[in-house]
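So this block is target.csv, CSV, C-alpha atoms and all ligand atoms:
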```csv
chain,number,residue,atom,x,y,z
A,55,MET,CA,57.8,151.5,122.3
A,56,VAL,CA,59.0,148.0,123.1
A,57,ASP,CA,62.6,147.5,124.0
A,58,LEU,CA,63.6,144.8,121.5
A,59,SER,CA,67.1,144.2,123.0
A,60,VAL,CA,68.1,140.7,124.2
A,61,LYS,CA,71.1,139.5,126.0
A,62,ILE,CA,73.0,136.4,125.0
A,63,GLY,CA,75.4,136.0,127.9
A,64,ASP,CA,77.4,139.3,128.1
A,65,LEU,CA,76.5,140.2,124.6
A,66,THR,CA,73.5,142.5,123.9
A,67,LEU,CA,71.7,142.3,120.6
A,68,GLN,CA,69.6,145.3,119.6
A,69,ASN,CA,66.8,142.8,118.7
A,70,PRO,CA,66.5,139.0,118.6
A,71,VAL,CA,66.5,138.7,114.8
A,72,THR,CA,69.7,137.4,113.2
A,73,PRO,CA,70.3,135.7,109.9
A,74,ALA,CA,71.2,132.0,109.8
A,75,SER,CA,74.7,131.0,108.8
A,76,GLY,CA,75.0,130.1,105.1
A,77,ALA,CA,71.8,131.7,104.1
A,78,PHE,CA,73.0,135.2,104.3
A,79,SER,CA,75.9,137.5,103.4
A,80,TRP,CA,76.9,141.2,103.6
A,81,GLU,CA,75.7,141.5,100.0
A,82,TYR,CA,72.1,141.6,101.5
A,83,ALA,CA,73.1,145.3,102.2
A,84,ASP,CA,72.0,146.0,98.6
A,85,ILE,CA,68.4,145.2,99.7
A,86,ILE,CA,68.1,145.7,103.4
A,87,ASP,CA,69.7,147.9,106.1
A,88,LEU,CA,72.0,145.4,107.8
A,89,ASN,CA,72.5,147.8,110.7
A,90,ARG,CA,68.9,146.9,111.8
A,91,LEU,CA,69.7,143.2,112.4
A,92,GLY,CA,70.4,141.8,115.9
A,93,GLY,CA,73.6,140.3,114.6
A,94,LEU,CA,75.5,139.4,111.4
A,95,VAL,CA,76.1,135.7,111.0
A,96,ALA,CA,78.7,134.8,108.4
A,97,LYS,CA,78.7,131.5,106.4
A,98,THR,CA,80.5,128.7,108.0
A,99,ILE,CA,84.2,129.0,107.3
A,100,CYS,CA,86.7,126.1,107.1
A,101,ARG,CA,90.4,126.5,107.6
A,102,GLU,CA,91.5,125.4,104.1
A,103,PRO,CA,89.8,126.4,100.9
A,104,ARG,CA,87.0,124.0,99.9
A,105,PHE,CA,85.1,123.5,96.6
A,106,GLY,CA,82.0,122.3,98.3
A,107,ASN,CA,79.9,119.3,97.3
A,108,PRO,CA,79.2,118.0,93.7
A,109,THR,CA,76.2,119.7,92.0
A,110,PRO,CA,73.3,119.8,92.0
A,111,ARG,CA,73.4,121.2,95.5
A,112,MET,CA,69.8,122.1,95.9
A,113,ALA,CA,66.5,120.5,95.1
A,114,GLU,CA,62.9,121.4,95.7
A,115,THR,CA,60.4,119.3,97.5
A,116,GLU,CA,56.7,119.8,98.1
A,117,ALA,CA,57.3,121.5,101.4
A,118,GLY,CA,60.7,123.2,101.2
A,119,ILE,CA,64.2,122.6,99.8
A,120,ILE,CA,66.9,120.1,100.5
A,121,GLN,CA,70.5,121.3,100.0
A,122,SER,CA,74.0,120.0,100.4
A,123,ILE,CA,76.3,122.9,99.6
A,124,GLY,CA,79.3,121.4,101.3
A,125,LEU,CA,80.8,124.5,103.0
A,126,PRO,CA,82.6,125.9,100.0
A,127,GLY,CA,84.9,128.8,100.8
A,128,LYS,CA,88.3,130.3,100.2
A,129,GLY,CA,89.7,129.4,103.7
A,130,ILE,CA,90.6,131.3,106.8
A,131,ASN,CA,93.1,133.8,105.4
A,132,TYR,CA,90.8,135.0,102.7
A,133,PHE,CA,88.0,135.2,105.2
A,134,LEU,CA,90.0,137.3,107.6
A,135,GLU,CA,91.4,139.6,104.9
A,136,ASN,CA,88.4,140.1,102.7
A,137,ILE,CA,85.1,139.0,104.3
A,138,VAL,CA,85.5,140.2,107.9
A,139,PRO,CA,86.2,143.8,106.6
A,140,GLU,CA,83.0,143.7,104.6
A,141,TYR,CA,80.9,142.8,107.7
A,142,LYS,CA,82.7,145.4,109.8
A,143,LYS,CA,81.2,148.1,107.6
A,144,PHE,CA,78.0,147.5,109.7
A,145,THR,CA,77.4,147.9,113.4
A,146,PRO,CA,75.7,144.7,114.6
A,147,PRO,CA,77.9,142.1,116.4
A,148,LEU,CA,79.7,139.8,114.0
A,149,ILE,CA,79.1,136.1,114.6
A,150,VAL,CA,81.5,133.9,112.7
A,151,SER,CA,80.6,130.3,112.1
A,152,CYS,CA,83.4,127.7,111.7
A,153,SER,CA,83.7,124.0,111.2
A,154,SER,CA,86.2,121.3,110.8
A,155,GLU,CA,86.1,117.5,110.6
A,156,ASP,CA,89.1,117.3,112.9
A,157,PRO,CA,88.9,118.5,116.5
A,158,GLU,CA,92.5,119.7,116.7
A,159,GLU,CA,92.2,121.7,113.5
A,160,PHE,CA,88.8,123.0,114.7
A,161,ALA,CA,90.5,124.4,117.8
A,162,VAL,CA,93.2,126.1,115.7
A,163,LEU,CA,90.6,127.6,113.5
A,164,THR,CA,88.6,128.9,116.5
A,165,LYS,CA,91.7,130.5,117.8
A,166,GLU,CA,92.6,132.1,114.5
A,167,LEU,CA,89.1,133.6,114.3
A,168,SER,CA,89.3,135.1,117.8
A,169,ILE,CA,90.3,138.5,116.6
A,170,PRO,CA,88.9,141.8,118.0
A,171,GLU,CA,86.6,142.3,115.0
A,172,VAL,CA,84.8,139.1,115.8
A,173,ASP,CA,82.2,139.2,118.6
A,174,VAL,CA,81.1,135.5,118.7
A,175,VAL,CA,82.5,132.2,117.4
A,176,GLU,CA,79.7,129.9,116.4
A,177,CYS,CA,80.9,126.4,116.0
A,178,ASN,CA,79.0,124.5,113.4
A,179,ILE,CA,79.2,121.0,114.9
A,180,SER,CA,76.1,119.9,113.1
A,181,CYS,CA,76.8,119.7,109.3
A,182,PRO,CA,74.1,117.1,108.5
A,183,THR,CA,76.0,115.1,105.8
A,184,ARG,CA,79.0,114.4,108.1
A,185,ASN,CA,79.4,111.8,110.7
A,186,THR,CA,79.7,112.0,114.5
A,187,THR,CA,83.5,112.2,114.5
A,188,GLY,CA,83.9,114.0,111.2
A,189,GLY,CA,82.2,117.3,111.7
A,190,ASN,CA,78.7,116.4,112.8
A,191,PHE,CA,79.9,115.9,116.4
A,192,SER,CA,76.5,117.0,117.8
A,193,LEU,CA,74.9,113.7,117.0
A,194,ASN,CA,76.6,112.3,120.1
A,195,SER,CA,76.9,113.9,123.5
A,196,GLU,CA,80.5,112.6,124.2
A,197,HIS,CA,81.7,113.9,120.9
A,198,THR,CA,79.9,117.2,121.6
A,199,LYS,CA,81.5,117.6,125.0
A,200,SER,CA,84.9,116.7,123.7
A,201,VAL,CA,85.0,119.1,120.7
A,202,VAL,CA,83.3,122.0,122.5
A,203,GLY,CA,85.7,121.6,125.4
A,204,LYS,CA,88.6,121.9,123.0
A,205,LEU,CA,87.1,125.0,121.4
A,206,ARG,CA,86.4,126.5,124.8
A,207,GLU,CA,90.1,126.2,125.6
A,208,ALA,CA,91.0,127.8,122.3
A,209,THR,CA,89.0,131.1,122.6
A,210,ASP,CA,87.9,133.7,125.1
A,211,LYS,CA,85.2,134.8,122.7
A,212,PRO,CA,81.6,133.9,123.4
A,213,LEU,CA,81.2,130.4,122.0
A,214,TRP,CA,77.9,129.3,120.5
A,215,ALA,CA,77.4,125.7,119.5
A,216,LYS,CA,75.1,125.0,116.6
A,217,LEU,CA,73.4,121.7,117.2
A,218,SER,CA,71.8,119.1,114.9
A,219,PRO,CA,68.1,118.3,114.8
A,220,ASN,CA,69.1,114.8,113.7
A,221,ALA,CA,70.4,113.8,117.2
A,222,GLY,CA,68.0,111.4,118.9
A,223,ASP,CA,68.2,113.1,122.3
A,224,LEU,CA,68.9,116.8,121.6
A,225,VAL,CA,68.5,117.7,125.3
A,226,SER,CA,71.5,115.6,126.3
A,227,ILE,CA,73.6,117.1,123.5
A,228,ALA,CA,72.6,120.7,124.6
A,229,LEU,CA,73.6,119.7,128.2
A,230,ALA,CA,76.9,118.4,126.9
A,231,ALA,CA,77.6,121.6,125.0
A,232,GLU,CA,76.8,123.6,128.1
A,233,GLU,CA,78.9,121.5,130.4
A,234,ALA,CA,81.9,121.8,128.0
A,235,GLY,CA,81.6,125.6,128.2
A,236,ALA,CA,79.4,126.8,125.4
A,237,ASP,CA,77.9,130.2,126.1
A,238,ALA,CA,74.8,129.5,124.0
A,239,VAL,CA,73.4,126.8,121.8
A,240,CYS,CA,71.8,127.3,118.3
A,241,ILE,CA,69.0,125.0,117.7
A,242,ALA,CA,69.1,123.8,115.0
A,243,ASN,CA,70.8,123.0,111.7
A,244,THR,CA,69.1,121.2,108.9
A,245,PHE,CA,67.3,117.8,108.8
A,246,LEU,CA,69.1,115.1,107.0
A,247,SER,CA,67.1,114.2,103.9
A,248,LEU,CA,67.1,112.3,100.6
A,249,LYS,CA,65.2,113.0,97.4
A,250,ILE,CA,65.2,110.5,94.6
A,251,ARG,CA,64.4,111.4,91.1
A,252,THR,CA,61.8,109.3,89.4
A,253,ASP,CA,63.0,110.1,85.9
A,254,ASN,CA,66.4,108.5,86.3
A,255,PHE,CA,66.2,106.8,89.7
A,256,LYS,CA,69.1,108.8,91.0
A,257,PRO,CA,69.4,110.9,94.1
A,258,ALA,CA,68.5,114.5,93.3
A,259,LEU,CA,71.6,116.0,95.0
A,260,GLY,CA,75.1,115.4,93.8
A,261,ASN,CA,76.1,114.6,97.4
A,262,LYS,CA,73.1,112.1,97.7
A,263,TYR,CA,72.0,113.4,101.1
A,264,GLY,CA,71.0,117.0,101.9
A,265,GLY,CA,69.7,119.1,104.7
A,266,MET,CA,66.0,120.0,104.5
A,267,VAL,CA,64.7,123.5,105.4
A,268,SER,CA,61.1,124.3,105.5
A,269,PRO,CA,58.5,126.3,107.5
A,270,ALA,CA,56.9,122.9,108.0
A,271,LEU,CA,59.8,121.9,110.3
A,272,LYS,CA,59.2,124.9,112.6
A,273,PRO,CA,57.0,123.0,115.1
A,274,ILE,CA,59.6,120.3,115.4
A,275,VAL,CA,62.4,122.8,116.2
A,276,VAL,CA,60.1,124.8,118.5
A,277,ARG,CA,59.6,121.5,120.4
A,278,MET,CA,63.3,121.0,120.6
A,279,VAL,CA,63.9,124.5,121.9
A,280,TYR,CA,61.2,124.1,124.5
A,281,GLN,CA,62.6,120.8,125.7
A,282,CYS,CA,66.2,122.1,125.8
A,283,ALA,CA,65.2,125.3,127.5
A,284,LYS,CA,63.7,123.3,130.4
A,285,GLU,CA,67.1,121.7,131.0
A,286,VAL,CA,70.0,124.1,130.0
A,287,LYS,CA,70.8,127.4,131.6
A,288,ILE,CA,72.7,129.0,128.7
A,289,PRO,CA,70.7,131.0,126.2
A,290,ILE,CA,69.2,129.3,123.1
A,291,ILE,CA,69.1,130.7,119.6
A,292,GLY,CA,66.1,129.1,117.8
A,293,ILE,CA,66.6,128.5,114.1
A,294,GLY,CA,64.2,126.7,111.7
A,295,GLY,CA,61.2,127.6,109.6
A,296,ILE,CA,60.7,131.2,110.7
A,297,THR,CA,58.8,133.3,108.1
A,298,LYS,CA,57.0,135.9,110.3
A,299,ALA,CA,57.1,137.9,113.5
A,300,GLU,CA,54.7,135.5,115.3
A,301,ASP,CA,57.2,132.7,114.6
A,302,VAL,CA,59.9,134.7,116.5
A,303,VAL,CA,57.4,135.1,119.3
A,304,GLU,CA,56.7,131.4,119.4
A,305,TYR,CA,60.4,130.5,119.6
A,306,MET,CA,60.9,133.0,122.4
A,307,LEU,CA,57.9,131.7,124.3
A,308,ALA,CA,59.4,128.3,124.0
A,309,GLY,CA,62.6,129.6,125.6
A,310,ALA,CA,64.8,131.0,122.8
A,311,SER,CA,66.5,134.3,123.6
A,312,ALA,CA,67.1,135.1,119.9
A,313,VAL,CA,66.4,133.5,116.5
A,314,GLY,CA,68.1,132.8,113.2
A,315,ILE,CA,66.4,133.1,109.9
A,316,GLY,CA,67.6,131.5,106.6
A,317,TYR,CA,65.0,130.2,104.2
A,318,ALA,CA,62.6,133.1,104.6
A,319,GLY,CA,65.3,135.4,103.1
A,320,PHE,CA,65.4,133.3,100.0
A,321,ARG,CA,61.7,133.7,99.4
A,322,ASN,CA,61.7,137.4,100.3
A,323,PRO,CA,65.1,139.1,100.8
A,324,SER,CA,63.6,141.8,102.9
A,325,ALA,CA,62.0,139.3,105.3
A,326,LEU,CA,64.6,139.9,108.1
A,327,THR,CA,63.8,143.6,108.5
A,328,SER,CA,60.1,143.1,107.8
A,329,ILE,CA,60.0,140.6,110.7
A,330,ILE,CA,61.8,143.1,113.0
A,331,ASP,CA,59.2,145.8,112.1
A,332,ASP,CA,56.3,143.4,112.6
A,333,LEU,CA,57.8,142.1,115.9
A,334,GLU,CA,58.0,145.7,117.2
A,335,ALA,CA,54.4,146.3,116.1
A,336,TRP,CA,53.2,143.0,117.6
A,337,CYS,CA,54.7,143.9,121.0
A,338,ASP,CA,53.5,147.5,120.9
A,339,SER,CA,50.0,146.5,120.1
A,340,ARG,CA,50.0,144.2,123.2
A,341,GLY,CA,51.7,146.7,125.6
A,342,ILE,CA,54.8,144.4,125.9
A,343,GLU,CA,57.6,146.7,127.1
A,344,ARG,CA,60.5,144.3,126.7
A,345,VAL,CA,60.7,141.6,124.1
A,346,SER,CA,62.9,139.7,126.5
A,347,ASP,CA,59.8,139.2,128.8
A,348,LEU,CA,58.7,136.7,126.2
A,349,ILE,CA,61.6,134.4,126.7
A,350,GLY,CA,60.3,131.1,128.2
A,351,ALA,CA,56.9,132.8,128.9
A,352,VAL,CA,54.8,129.9,127.4
A,353,ASP,CA,51.9,129.2,129.6
A,354,ASP,CA,52.3,125.5,129.8
A,355,ASP,CA,50.4,124.9,133.0
A,356,MET,CA,48.1,122.4,131.3
A,357,GLU,CA,45.4,120.0,132.4
A,358,MET,CA,47.2,116.7,131.6
A,359,ASP,CA,44.8,114.4,133.2
A,360,THR,CA,43.0,112.7,130.3
A,361,LEU,CA,39.9,111.9,132.3
A,362,ASN,CA,39.4,115.5,133.4
A,363,ALA,CA,40.3,116.6,129.9
A,364,ALA,CA,37.7,114.3,128.5
A,365,SER,CA,35.0,115.7,130.8
A,366,ALA,CA,35.8,119.2,129.6
A,367,GLY,CA,34.2,118.6,126.2
A,368,VAL,CA,35.9,119.6,122.9
B,401,LIG,C1,71.6,127.1,101.3
B,401,LIG,C2,71.9,126.9,102.8
B,401,LIG,C3,73.2,126.9,103.3
B,401,LIG,C4,73.4,126.7,104.6
B,401,LIG,N1,74.7,126.8,105.1
B,401,LIG,C5,75.0,126.7,106.4
B,401,LIG,C6,76.3,126.9,106.9
B,401,LIG,O1,77.2,127.2,106.2
B,401,LIG,N2,76.5,126.8,108.2
B,401,LIG,C7,75.4,126.5,109.1
B,401,LIG,O2,75.7,126.4,110.3
B,401,LIG,N3,74.2,126.3,108.7
B,401,LIG,C8,73.9,126.4,107.3
B,401,LIG,N4,72.6,126.3,106.9
B,401,LIG,C9,71.6,126.0,107.8
B,401,LIG,C10,70.9,127.3,108.3
B,401,LIG,O3,71.8,128.2,109.0
B,401,LIG,C11,69.7,127.1,109.2
B,401,LIG,O4,70.1,126.3,110.3
B,401,LIG,C12,68.6,126.3,108.5
B,401,LIG,O5,68.5,126.7,107.2
B,401,LIG,C13,67.3,126.4,109.2
B,401,LIG,O6,66.8,127.7,109.3
B,401,LIG,P1,65.7,128.2,108.2
B,401,LIG,O7,64.5,127.3,108.3
B,401,LIG,O8,65.4,129.6,108.7
B,401,LIG,O9,66.4,128.2,106.9
B,401,LIG,C14,72.4,126.5,105.5
B,401,LIG,C15,71.1,126.4,105.0
B,401,LIG,C16,70.8,126.6,103.7
B,401,LIG,C17,69.4,126.6,103.2
```
For this file, produce the structure as structure tokens.
Ligand SMILES: Cc1cc2nc3c(=O)[nH]c(=O)nc-3n(C[C@H](O)[C@H](O)[C@H](O)COP(=O)(O)O)c2cc1C
Amino acid sequence: MVDLSVKIGDLTLQNPVTPASGAFSWEYADIIDLNRLGGLVAKTICREPRFGNPTPRMAETEAGIIQSIGLPGKGINYFLENIVPEYKKFTPPLIVSCSSEDPEEFAVLTKELSIPEVDVVECNISCPTRNTTGGNFSLNSEHTKSVVGKLREATDKPLWAKLSPNAGDLVSIALAAEEAGADAVCIANTFLSLKIRTDNFKPALGNKYGGMVSPALKPIVVRMVYQCAKEVKIPIIGIGGITKAEDVVEYMLAGASAVGIGYAGFRNPSALTSIIDDLEAWCDSRGIERVSDLIGAVDDDMEMDTLNAASAGV
């Protein structure tokens, strides 16, 4: 039977399938066995309590949803006292996601989250409706380097940086995060979007802009993972549009060491564990002994000469 374990730096995950921050909570335990997941990823926590964005916070499109939740939460103290113990009822590593619009506060928050119960701090530097100096630092390589460097100084925990697909040159952002000391990069957060209602001419979301999630975006994020994997040495967690085991394989072939899954869990709450089962079966049926052998194993030695390609027929 295939060994599904993967390593992200010094941390071993029993399999590469984790939930995506904000699209998951410990309450999924009512439906699936959380102990089967590669990791448990909590919703992004901010230091102070936040109400989140004005409603409506979600809207449907033809090919997915756009959402602007606005990181509501009860703040760090509530998180540490009430939410961390809920996650600690389960065995997979706990990955806590955090965010701030202010780099100094972000560093304090990171330090406060660096308690023994927490295995990884994931810094959400890619909230799509914020700007480059106000939370969405990962639109700009200098801001990425600066904020990740501050967070690196604030914690000895593995530090994963969640990047934005809205950056023009994601490779340079991933390199900046690596240079600043991130142990892994999560690619990616959501795509900045706008939906306008034709009945009243108003934006469909209360916050005007939202982040789009859709299986249709998967090839774009796979491309980003592939391009970044060619340049960065730290592991990549691929996130975007995964709905089935073959999507996990695709991300891993592109260079991801693990994946995050959000949207698929909305459509089918047991998707995460079904995907693990299917990934195991997929590997076993092909005699793959270690799922980690798939990482970066894309066979991209292609004939790129257009004249030769043209002579090869269809
Ligand atoms: C309702 C909703 C809330 C989200 N909240 C967060 C969040 O708090 N922090 C974060 O880093 N990403 C958040 N995301 C982004 C997801 O973690 C993930 O990057 C994105 O949904 C793409 O993955 P998917 O296609 O599997 O959903 C959220 C996504 C959705 C749909």
Worksheet item: Interatomic distance between CA of Met278 in chain A and CA of Ser247 in chain A?
Response: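 Atom-to-atom, CA of Met278 in chain A to CA of Ser247 in chain A, that is 18.4 Å.
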Practice prompt. Residues within 6 Å of ligand LIG 401 (chain B), counting all atoms listed in the file: report them as a PyMOL selection string.
Written response: chain A and resi 74-77+97-98+125+178+242-244+267-268+293-296+315-317
Practice prompt. Give me the residues within 8 Å of Pro323 in chain A as a list of chain:residue names, counting all atoms listed in the file and dropping any in the same chain fewer than 2 places off.
Written response: A:Tyr82, A:Ile85, A:Ile86, A:Ala318, A:Gly319, A:Phe320, A:Arg321, A:Ala325, A:Leu326
Fill in: Minimum-distance residue to Arg206 in chain A, chosen among A:Lys165, A:Lys256, A:Arg344, A:Arg277 (using all atoms listed in the file)
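Selected residue with least distance to Arg206 in chain A: A:Lys165.
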Worksheet item: Any idea what the distance is between CA of Val162 in chain A and CA of Thr209 in chain A?
Response: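 These two atoms are separated by 9.5 Å.
A straight line drawn from CA of Ala96 in chain A to CA of Glu135 in chain A is 14.0 Å long.
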Item to complete: Can you pull out every residue within 9 Å of Thr145 in chain A, counting all atoms listed in the file, but drop anything in the same chain fewer than 4 positions away, and send it as number ranges by chain?
Response: A: 88-90, 93-94, 141
Store the residues picked out above in a file with C-alpha atoms, as a tab-separated table (two decimals), in the coordinates of the input.
```tsv
chain	number	residue	atom	x	y	z
A	88	LEU	CA	72.00	145.40	107.80
A	89	ASN	CA	72.50	147.80	110.70
A	90	ARG	CA	68.90	146.90	111.80
A	93	GLY	CA	73.60	140.30	114.60
A	94	LEU	CA	75.50	139.40	111.40
A	141	TYR	CA	80.90	142.80	107.70
```
Item to complete: Just the residues within 7 Å of Gly314 in chain A, please, counting all atoms listed in the file, with nothing from its chain fewer than 6 positions along; format it as a VMD selection string.
Response: chain A and resid 71 to 74 291 to 293
Practice prompt. List the neighbours of Val345 in chain A out to 8 Å using only C-alpha atoms; skip same-chain residues closer than 4 positions along the sequence, and give me the result as a PyMOL selection string.
Written response: chain A and resi 56-60+337+349
